[in-house]
Amino acid sequence: MKLTQIDLRTTFKSDYTEKFAPESWTVAELYWSYLREYSTPNFQKVNIFVSDYFEDSLTEPMQVKGFKEAFINFDLAKYFSLDKLEKKRMQLEAIHNGMMQIAEHEKWEKQPLIDAYNNCLEKNLEYQFFVGTPKLSPDKKHKINFWCNWDIDVFEVYS
């Protein structure tokens with residue numbers, strides 16, 4: 001199986017869930033975009049839960065209903081005091097640490113995860129991409145495509 005999604009989220013009923021959830025997609029998607037061919041036997045989705053505290057019993061990744069889950073200690077109050085770039089860096093660290101924990105536990109190859117992490121940093125945590133392939137106009141003189149800019153506070157689509 002191939003990895004199809006990495007989801008970064010706070011624990012259930014966290015005081016920060018409503019503020020964190022809208023900001024937590026872009027870095028996870030950017031990181032995952034470098035892992036589209038990464039083999040993950042028995043499941044396709046990873047949930048990485050962040051919280052101000054986790055008991056030691058939650059430090060080992062778990063598999064639940066076809067999902068692999070990791071639990072990362074994360075200072076949410078500090079997170080919300082940071083600027084946009086620092087928030088994205090903090091998210092990347094949590095995602096990468098969670099994925100590395102799972103890779104260690106599952107005996108997965110770690111180099112693709114390290115490469116994904118480094119590629120995210122090289123892109124300065126900016127997720128910009130084309131959607132699909134360009135389409136020709138009926139007269140074949142023009143092309144159209146959609147270009148996306150996805151950030152923690154905006155999702156823009158241009159043609």
# chains A, B, ... in the order shown; residues from 1 in each chain; ligands from 1
call {"tool": "residues_around", "arguments": {"residues": "segment 89-93 of chain A", "least_positions_apart": "5", "cutoff": "9 Å", "atoms": "only C-alpha atoms", "output": "ChimeraX atom specification"}}
result
/A:8,24,27-28,31,74,79,84,98,117,120-121,125
call {"tool": "write_last_selection", "arguments": {"atoms": "C-alpha atoms", "output": "mmCIF file, in the first residue's frame"}}
result
data_model
loop_
_atom_site.group_PDB
_atom_site.id
_atom_site.type_symbol
_atom_site.label_atom_id
_atom_site.label_comp_id
_atom_site.auth_asym_id
_atom_site.auth_seq_id
_atom_site.Cartn_x
_atom_site.Cartn_y
_atom_site.Cartn_z
ATOM 1 C CA LEU A 8 -1.891 16.591 11.976
ATOM 2 C CA SER A 24 -2.781 22.148 10.281
ATOM 3 C CA VAL A 27 2.490 21.452 6.046
ATOM 4 C CA ALA A 28 1.180 17.901 6.391
ATOM 5 C CA TYR A 31 5.409 16.712 3.599
ATOM 6 C CA PHE A 74 3.571 20.022 21.458
ATOM 7 C CA TYR A 79 2.641 27.692 18.890
ATOM 8 C CA LYS A 84 3.462 32.092 10.420
ATOM 9 C CA GLY A 98 5.682 11.340 14.389
ATOM 10 C CA TYR A 117 11.667 16.853 5.671
ATOM 11 C CA CYS A 120 10.003 20.973 2.860
ATOM 12 C CA LEU A 121 12.764 23.133 4.325
ATOM 13 C CA LEU A 125 7.579 25.465 3.805
#
call {"tool": "select_by_dssp", "arguments": {"residues": "chain A", "states": "alpha helix (DSSP H)", "output": "VMD selection string"}}
result
chain A and resid 17 to 20 26 to 33 76 to 79 84 to 106 111 to 122
call {"tool": "closest_residue", "arguments": {"among": "A:Leu3, A:Phe43, A:Val50, A:Lys107", "to": "Ala21 of chain A", "atoms": "only C-alpha atoms"}}
result
A:Val50
call {"tool": "closest_residue", "arguments": {"among": "A:Ser33, A:Asn42, A:Asn47, A:Gln111", "to": "Asp7 of chain A", "atoms": "only C-alpha atoms"}}
result
A:Asn47
call {"tool": "residues_around", "arguments": {"residues": "Ser159 of chain A", "least_positions_apart": "3", "cutoff": "9 Å", "atoms": "only C-alpha atoms", "output": "count of residues only"}}
result
5
call {"tool": "residues_around", "arguments": {"residues": "Thr11 of chain A", "least_positions_apart": "4", "cutoff": "8 Å", "atoms": "only C-alpha atoms", "output": "ChimeraX atom specification"}}
result
/A:17,49-51
call {"tool": "write_last_selection", "arguments": {"atoms": "C-alpha atoms", "output": "PDB file, in the first residue's frame"}}
result
ATOM      1  CA  THR A  17      -8.753  22.368  18.358  1.00  0.00           C
ATOM      2  CA  PHE A  49      -1.859  13.882  17.411  1.00  0.00           C
ATOM      3  CA  VAL A  50      -0.301  16.830  19.227  1.00  0.00           C
ATOM      4  CA  SER A  51      -0.982  17.884  22.777  1.00  0.00           C
TER       5      SER A  51
END
call {"tool": "atom_distance", "arguments": {"atom1": "atom CA of Pro112 of chain A", "atom2": "atom CA of Ser39 of chain A"}}
result
10.2 Å
call {"tool": "closest_residue", "arguments": {"among": "A:Asn119, A:Thr26, A:Gln128, A:Ala103", "to": "Val157 of chain A", "atoms": "only C-alpha atoms"}}
result
A:Gln128
call {"tool": "select_by_dssp", "arguments": {"residues": "segment 60-153 of chain A", "states": "strand (DSSP E)", "output": "mmCIF file with C-alpha atoms, in the first residue's frame"}}
result
data_model
loop_
_atom_site.group_PDB
_atom_site.id
_atom_site.type_symbol
_atom_site.label_atom_id
_atom_site.label_comp_id
_atom_site.auth_asym_id
_atom_site.auth_seq_id
_atom_site.Cartn_x
_atom_site.Cartn_y
_atom_site.Cartn_z
ATOM 1 C CA MET A 62 -0.627 2.669 17.569
ATOM 2 C CA GLN A 63 -2.643 1.166 14.745
ATOM 3 C CA VAL A 64 -6.375 1.786 14.955
ATOM 4 C CA PHE A 67 -4.826 4.136 10.584
ATOM 5 C CA LYS A 68 -1.414 4.459 12.139
ATOM 6 C CA GLU A 69 -1.286 7.011 14.950
ATOM 7 C CA ALA A 70 1.579 8.842 16.642
ATOM 8 C CA PHE A 71 1.433 11.102 19.683
ATOM 9 C CA ILE A 72 3.721 14.127 19.963
ATOM 10 C CA ASN A 73 4.134 16.534 22.855
ATOM 11 C CA TYR A 127 3.263 24.649 -0.821
ATOM 12 C CA GLN A 128 2.665 25.839 -4.364
ATOM 13 C CA PHE A 129 1.722 23.474 -7.166
ATOM 14 C CA PHE A 130 -0.079 22.973 -10.460
ATOM 15 C CA VAL A 131 -3.270 20.921 -10.520
ATOM 16 C CA GLY A 132 -3.531 18.343 -13.288
ATOM 17 C CA THR A 133 -2.183 18.805 -16.770
ATOM 18 C CA PRO A 134 -2.642 21.897 -18.947
ATOM 19 C CA LYS A 135 -5.702 21.845 -21.237
ATOM 20 C CA LEU A 136 -5.626 23.181 -24.779
ATOM 21 C CA LYS A 143 -3.382 26.478 -22.600
ATOM 22 C CA ILE A 144 -5.011 26.693 -19.212
ATOM 23 C CA ASN A 145 -3.978 25.162 -15.924
ATOM 24 C CA PHE A 146 -4.659 25.804 -12.276
ATOM 25 C CA TRP A 147 -1.904 26.899 -9.921
ATOM 26 C CA CYS A 148 -2.410 26.700 -6.151
ATOM 27 C CA ASN A 149 -0.813 28.521 -3.277
ATOM 28 C CA TRP A 150 -1.710 26.781 -0.027
ATOM 29 C CA ASP A 151 -0.607 28.248 3.283
#
call {"tool": "atom_distance", "arguments": {"atom1": "atom CA of Lys123 of chain A", "atom2": "atom CA of Arg36 of chain A"}}
result
17.3 Å
call {"tool": "residues_around", "arguments": {"residues": "Pro41 of chain A", "least_positions_apart": "5", "cutoff": "10 Å", "atoms": "only C-alpha atoms", "output": "list in words"}}
result
Met1, Lys2, Leu3, Glu106 and Trp108 of chain A
call {"tool": "closest_residue", "arguments": {"among": "A:Ala116, A:Gln101, A:Tyr16, A:Arg9", "to": "Glu37 of chain A", "atoms": "only C-alpha atoms"}}
result
A:Ala116
